[in-house]
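Written out below as structure tokens is the structure these notes cover.
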Amino acid sequence: MEAVVALFIIIALALILIAALGIRIIRPYERGLIEMLGRYQRTVDSGLRWILPFVQRISKVDMRERVIDVPPQEVITKDNVVVTVDAVIFFEATDPVKLKYNVGNFQLAVTKLAQTNLRNVVGDLDLDSALTSRELINGKLRQILDDATDKWGTRVVRVEIQRIEPPPDVTEAMHRQMKAERDRRAIVTEAEGDKRSAILRSEGLKQSQVLEAEGEAEALMRVADGERYQKETVAQGEANAIELVFNAIHAGDPTPDLIAIRYLEALQGVADGQATKIFLPLDTSGFTNAVASLSEIARAGQGEPASRQIEDGE
């Protein structure tokens, strides 16, 4: 009886051990491929899975995005310059069945494929274009690799060129060329600055001269306006004075003898000058009348009648 119990215990332990051997855990980023007797059966998602030990087998496929480093290689450009190029490839699995069964070593296959097509893409460009067209190279290489790896159940997300390194002598020549170009740009920039500075100075001088001339013209205009206003004011005053004198003379109704006396006083004032020659207006009739008037005044002072004096004078 004890032997039978021991046998059952041994069989139970064997069954438990066999059951434990069939337990598998698939992580969230993995997919499981179950094979029965070497033949693909189904694909299972993440979680706790159980398979028949020794009959079924489960293979795990990583579905995360991964990266492959393409080793550096020498590539000849279109203008026969040897450059060293390397790149990195980012890919992710889209079909775990194809990735498992359609390619034996995906990493090696995609690396060789990238190296071959990298030679073709870079070889179609000259050195300057290759150094300045990384985005173009990345896009072309990604499209080629994505189309080629589609049957392997993967998708090439992107391709990045890490470096494109020309030979040392070409690099030195490029450095000299770059330095010469920068020196030329510096000289051109300095010349442009001097030109601009000269133009600004000329414009400033011109503007100052224009403003100065405008100021002088405005000052002359104001001075002329002031002198004109002064002359107009003086002329207006003189005109008013003459008008007042003229009106006063007419209002006073002066006699000829008064006019004669004022005439002689004016002659006395003219004769008091330092001039050697004196020009007088000749009005004989007025002068004769003035003398006659003065004679009458003098005789009137002596008591003789004016008519008598005139007759004696005749």
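Each chain in the structure tokens gets a letter, A, B and so on, in the order shown; residues start at 1 in every chain, and ligands are counted from 1 in the order they appear.
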Leaving out region 141-153 of chain A and any residue of its chain fewer than 5 positions from it, which residues lie within 6 Å of it when counting only C-alpha atoms, given as a short mmCIF file (atom, residue, chain, number, x, y, z; two decimals) with N, CA, C and O atoms, in the first residue's frame?
```
data_model
loop_
_atom_site.label_atom_id
_atom_site.label_comp_id
_atom_site.auth_asym_id
_atom_site.auth_seq_id
_atom_site.Cartn_x
_atom_site.Cartn_y
_atom_site.Cartn_z
N ALA A 93 8.98 46.19 -35.60
CA ALA A 93 8.34 45.01 -36.19
C ALA A 93 6.86 45.29 -36.40
O ALA A 93 6.19 45.85 -35.52
N THR A 94 6.35 44.89 -37.55
CA THR A 94 4.92 45.02 -37.85
C THR A 94 4.23 43.67 -37.95
O THR A 94 3.04 43.56 -37.65
N ASP A 95 4.97 42.62 -38.32
CA ASP A 95 4.41 41.27 -38.44
C ASP A 95 5.41 40.30 -37.81
O ASP A 95 6.45 40.01 -38.40
N LYS A 98 6.35 37.11 -40.06
CA LYS A 98 7.31 37.34 -41.14
C LYS A 98 8.70 37.59 -40.59
O LYS A 98 9.70 37.12 -41.16
N LEU A 99 8.79 38.36 -39.50
CA LEU A 99 10.10 38.66 -38.93
C LEU A 99 10.78 37.40 -38.42
O LEU A 99 12.01 37.28 -38.48
N ASN A 102 10.76 34.74 -42.19
CA ASN A 102 11.19 35.16 -43.52
C ASN A 102 12.64 35.58 -43.60
O ASN A 102 13.18 35.75 -44.69
N ARG A 158 13.10 55.57 -39.57
CA ARG A 158 13.95 56.66 -40.07
C ARG A 158 15.39 56.18 -40.16
O ARG A 158 15.78 55.22 -39.50
N VAL A 159 16.14 56.91 -40.97
CA VAL A 159 17.57 56.65 -41.14
C VAL A 159 18.30 57.96 -40.93
O VAL A 159 17.92 58.99 -41.50
#
```
### Query
Between CA of Ile34 (chain A) and CA of Val61 (chain A), what is the distance, to one decimal in Å?
11.2 Å
### Spatial neighbours of region 14-26 of chain A, max dist 10 Å, only C-alpha atoms, sep filter under 6 positions, as a PyMOL selection string
chain A and resi 8+32+44-61
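Reported to one decimal place, the separation of CA of Asp86 (chain A) from CA of Val67 (chain A) is 13.5 Å.
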### Query
CA of Gln107 (chain A) and CA of Asp69 (chain A), how far apart in Å?
9.4 Å
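Across A:Ile161, A:Met174, A:Ile89, A:Val70, the tightest approach to Val121 (chain A) is made by A:Ile161 when counting only C-alpha atoms.
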List every residue of region 33-212 of chain A that DSSP, applied to the backbone of this structure, assigns to strand (DSSP E), and report them as an mmCIF file with N, CA and C atoms, in the first residue's frame.
```cif
data_model
loop_
_atom_site.group_PDB
_atom_site.id
_atom_site.type_symbol
_atom_site.label_atom_id
_atom_site.label_comp_id
_atom_site.auth_asym_id
_atom_site.auth_seq_id
_atom_site.Cartn_x
_atom_site.Cartn_y
_atom_site.Cartn_z
ATOM 1 N N LEU A 33 4.858 33.354 -30.564
ATOM 2 C CA LEU A 33 4.561 32.472 -31.700
ATOM 3 C C LEU A 33 4.607 31.035 -31.191
ATOM 4 N N ILE A 34 3.459 30.376 -31.210
ATOM 5 C CA ILE A 34 3.364 28.998 -30.701
ATOM 6 C C ILE A 34 3.514 28.022 -31.860
ATOM 7 N N GLU A 35 4.419 27.089 -31.697
ATOM 8 C CA GLU A 35 4.653 26.033 -32.689
ATOM 9 C C GLU A 35 4.328 24.687 -32.050
ATOM 10 N N MET A 36 3.678 23.863 -32.815
ATOM 11 C CA MET A 36 3.386 22.500 -32.355
ATOM 12 C C MET A 36 4.099 21.526 -33.267
ATOM 13 N N ARG A 39 5.710 23.154 -36.233
ATOM 14 C CA ARG A 39 4.859 23.852 -37.207
ATOM 15 C C ARG A 39 4.172 25.037 -36.510
ATOM 16 N N TYR A 40 4.166 26.189 -37.217
ATOM 17 C CA TYR A 40 3.533 27.378 -36.639
ATOM 18 C C TYR A 40 2.055 27.123 -36.434
ATOM 19 N N GLN A 41 1.571 27.485 -35.241
ATOM 20 C CA GLN A 41 0.175 27.255 -34.920
ATOM 21 C C GLN A 41 -0.607 28.568 -34.788
ATOM 22 N N ARG A 42 -0.146 29.462 -33.910
ATOM 23 C CA ARG A 42 -0.872 30.713 -33.693
ATOM 24 C C ARG A 42 0.053 31.727 -33.023
ATOM 25 N N THR A 43 -0.475 32.985 -32.985
ATOM 26 C CA THR A 43 0.226 34.087 -32.325
ATOM 27 C C THR A 43 -0.591 34.521 -31.112
ATOM 28 N N VAL A 44 0.075 34.669 -29.993
ATOM 29 C CA VAL A 44 -0.604 35.062 -28.760
ATOM 30 C C VAL A 44 -0.044 36.404 -28.284
ATOM 31 N N GLY A 47 0.873 38.296 -21.640
ATOM 32 C CA GLY A 47 0.162 37.702 -20.503
ATOM 33 C C GLY A 47 0.754 36.352 -20.126
ATOM 34 N N LEU A 48 0.038 35.631 -19.256
ATOM 35 C CA LEU A 48 0.458 34.292 -18.812
ATOM 36 C C LEU A 48 -0.083 33.259 -19.783
ATOM 37 N N ARG A 49 0.802 32.493 -20.362
ATOM 38 C CA ARG A 49 0.411 31.480 -21.347
ATOM 39 C C ARG A 49 0.948 30.107 -20.906
ATOM 40 N N TRP A 50 0.197 29.052 -21.362
ATOM 41 C CA TRP A 50 0.606 27.671 -21.043
ATOM 42 C C TRP A 50 0.628 26.852 -22.323
ATOM 43 N N GLN A 56 4.690 21.510 -27.702
ATOM 44 C CA GLN A 56 4.580 22.876 -28.211
ATOM 45 C C GLN A 56 5.803 23.688 -27.782
ATOM 46 N N ARG A 57 6.063 24.688 -28.588
ATOM 47 C CA ARG A 57 7.187 25.580 -28.300
ATOM 48 C C ARG A 57 6.739 27.009 -28.604
ATOM 49 N N ILE A 58 7.118 27.961 -27.752
ATOM 50 C CA ILE A 58 6.729 29.363 -27.942
ATOM 51 C C ILE A 58 7.971 30.211 -28.159
ATOM 52 N N SER A 59 7.919 31.077 -29.194
ATOM 53 C CA SER A 59 9.012 32.009 -29.516
ATOM 54 C C SER A 59 8.506 33.432 -29.300
ATOM 55 N N LYS A 60 9.317 34.230 -28.656
ATOM 56 C CA LYS A 60 8.948 35.611 -28.348
ATOM 57 C C LYS A 60 9.591 36.556 -29.364
ATOM 58 N N VAL A 61 8.788 37.518 -29.831
ATOM 59 C CA VAL A 61 9.254 38.527 -30.793
ATOM 60 C C VAL A 61 9.075 39.907 -30.173
ATOM 61 N N ASP A 62 10.157 40.673 -30.127
ATOM 62 C CA ASP A 62 10.119 42.033 -29.566
ATOM 63 C C ASP A 62 9.504 42.981 -30.595
ATOM 64 N N ARG A 66 13.588 49.569 -32.509
ATOM 65 C CA ARG A 66 14.987 49.294 -32.187
ATOM 66 C C ARG A 66 15.897 50.004 -33.184
ATOM 67 N N VAL A 67 17.177 50.016 -32.856
ATOM 68 C CA VAL A 67 18.146 50.740 -33.657
ATOM 69 C C VAL A 67 19.282 49.807 -34.052
ATOM 70 N N ILE A 68 19.757 50.009 -35.265
ATOM 71 C CA ILE A 68 20.895 49.249 -35.784
ATOM 72 C C ILE A 68 21.959 50.238 -36.224
ATOM 73 N N ASP A 69 23.165 50.032 -35.756
ATOM 74 C CA ASP A 69 24.282 50.910 -36.118
ATOM 75 C C ASP A 69 24.985 50.341 -37.350
ATOM 76 N N VAL A 70 24.987 51.110 -38.424
ATOM 77 C CA VAL A 70 25.661 50.703 -39.654
ATOM 78 C C VAL A 70 27.136 51.079 -39.530
ATOM 79 N N PRO A 71 28.054 50.142 -39.642
ATOM 80 C CA PRO A 71 29.484 50.454 -39.459
ATOM 81 C C PRO A 71 29.979 51.443 -40.512
ATOM 82 N N PRO A 72 31.020 52.223 -40.188
ATOM 83 C CA PRO A 72 31.582 53.170 -41.168
ATOM 84 C C PRO A 72 32.139 52.443 -42.381
ATOM 85 N N GLN A 73 31.971 53.077 -43.528
ATOM 86 C CA GLN A 73 32.486 52.501 -44.762
ATOM 87 C C GLN A 73 32.909 53.632 -45.686
ATOM 88 N N GLU A 74 33.808 53.314 -46.587
ATOM 89 C CA GLU A 74 34.291 54.304 -47.541
ATOM 90 C C GLU A 74 33.410 54.287 -48.787
ATOM 91 N N VAL A 75 33.041 55.488 -49.208
ATOM 92 C CA VAL A 75 32.157 55.650 -50.363
ATOM 93 C C VAL A 75 32.802 56.672 -51.299
ATOM 94 N N ILE A 76 32.746 56.398 -52.595
ATOM 95 C CA ILE A 76 33.292 57.306 -53.605
ATOM 96 C C ILE A 76 32.158 58.178 -54.134
ATOM 97 N N VAL A 82 36.836 60.151 -51.934
ATOM 98 C CA VAL A 82 36.526 59.048 -51.029
ATOM 99 C C VAL A 82 36.161 59.627 -49.667
ATOM 100 N N VAL A 83 34.946 59.328 -49.210
ATOM 101 C CA VAL A 83 34.475 59.812 -47.914
ATOM 102 C C VAL A 83 34.079 58.614 -47.061
ATOM 103 N N THR A 84 34.174 58.791 -45.767
ATOM 104 C CA THR A 84 33.773 57.762 -44.810
ATOM 105 C C THR A 84 32.395 58.111 -44.273
ATOM 106 N N VAL A 85 31.470 57.159 -44.410
ATOM 107 C CA VAL A 85 30.074 57.413 -44.060
ATOM 108 C C VAL A 85 29.599 56.311 -43.121
ATOM 109 N N ASP A 86 28.847 56.699 -42.097
ATOM 110 C CA ASP A 86 28.156 55.723 -41.254
ATOM 111 C C ASP A 86 26.779 56.270 -40.917
ATOM 112 N N ALA A 87 25.911 55.353 -40.480
ATOM 113 C CA ALA A 87 24.519 55.745 -40.253
ATOM 114 C C ALA A 87 23.912 54.859 -39.178
ATOM 115 N N VAL A 88 22.722 55.231 -38.748
ATOM 116 C CA VAL A 88 21.929 54.426 -37.818
ATOM 117 C C VAL A 88 20.541 54.251 -38.421
ATOM 118 N N ILE A 89 19.957 53.076 -38.179
ATOM 119 C CA ILE A 89 18.652 52.741 -38.734
ATOM 120 C C ILE A 89 17.703 52.462 -37.571
ATOM 121 N N PHE A 90 16.547 53.085 -37.572
ATOM 122 C CA PHE A 90 15.512 52.857 -36.564
ATOM 123 C C PHE A 90 14.371 52.079 -37.239
ATOM 124 N N PHE A 91 14.009 50.927 -36.653
ATOM 125 C CA PHE A 91 12.973 50.095 -37.254
ATOM 126 C C PHE A 91 12.102 49.525 -36.144
ATOM 127 N N GLU A 92 10.920 49.044 -36.539
ATOM 128 C CA GLU A 92 10.020 48.369 -35.624
ATOM 129 C C GLU A 92 9.329 47.228 -36.363
ATOM 130 N N ALA A 93 8.985 46.186 -35.597
ATOM 131 C CA ALA A 93 8.335 45.006 -36.190
ATOM 132 C C ALA A 93 6.858 45.286 -36.396
ATOM 133 N N THR A 154 8.814 44.232 -41.090
ATOM 134 C CA THR A 154 9.326 45.377 -40.331
ATOM 135 C C THR A 154 9.044 46.663 -41.089
ATOM 136 N N ARG A 155 9.140 47.749 -40.376
ATOM 137 C CA ARG A 155 8.979 49.087 -40.967
ATOM 138 C C ARG A 155 10.158 49.944 -40.528
ATOM 139 N N VAL A 156 10.868 50.496 -41.509
ATOM 140 C CA VAL A 156 11.988 51.384 -41.204
ATOM 141 C C VAL A 156 11.411 52.754 -40.877
ATOM 142 N N VAL A 157 11.586 53.163 -39.639
ATOM 143 C CA VAL A 157 11.013 54.434 -39.178
ATOM 144 C C VAL A 157 11.802 55.605 -39.725
ATOM 145 N N ARG A 158 13.101 55.574 -39.572
ATOM 146 C CA ARG A 158 13.948 56.662 -40.075
ATOM 147 C C ARG A 158 15.387 56.180 -40.163
ATOM 148 N N VAL A 159 16.142 56.907 -40.972
ATOM 149 C CA VAL A 159 17.568 56.648 -41.145
ATOM 150 C C VAL A 159 18.298 57.960 -40.933
ATOM 151 N N GLU A 160 19.342 57.934 -40.130
ATOM 152 C CA GLU A 160 20.108 59.137 -39.830
ATOM 153 C C GLU A 160 21.577 58.913 -40.182
ATOM 154 N N ILE A 161 22.120 59.808 -41.008
ATOM 155 C CA ILE A 161 23.552 59.786 -41.320
ATOM 156 C C ILE A 161 24.303 60.420 -40.148
ATOM 157 N N GLN A 162 25.191 59.657 -39.534
ATOM 158 C CA GLN A 162 25.933 60.193 -38.403
ATOM 159 C C GLN A 162 27.055 61.120 -38.836
ATOM 160 N N ARG A 163 27.795 60.735 -39.832
ATOM 161 C CA ARG A 163 28.904 61.569 -40.274
ATOM 162 C C ARG A 163 29.234 61.255 -41.722
ATOM 163 N N ILE A 164 29.735 62.264 -42.406
ATOM 164 C CA ILE A 164 30.309 62.129 -43.745
ATOM 165 C C ILE A 164 31.659 62.819 -43.666
ATOM 166 N N GLU A 165 32.718 62.022 -43.607
ATOM 167 C CA GLU A 165 34.051 62.555 -43.333
ATOM 168 C C GLU A 165 34.938 62.412 -44.567
#
```
### Expected answer as number ranges by chain: helix (DSSP H, G or I) residues in region 77-274 of chain A
A: 96-101, 106-123, 127-132, 134-152, 168-252, 256-271
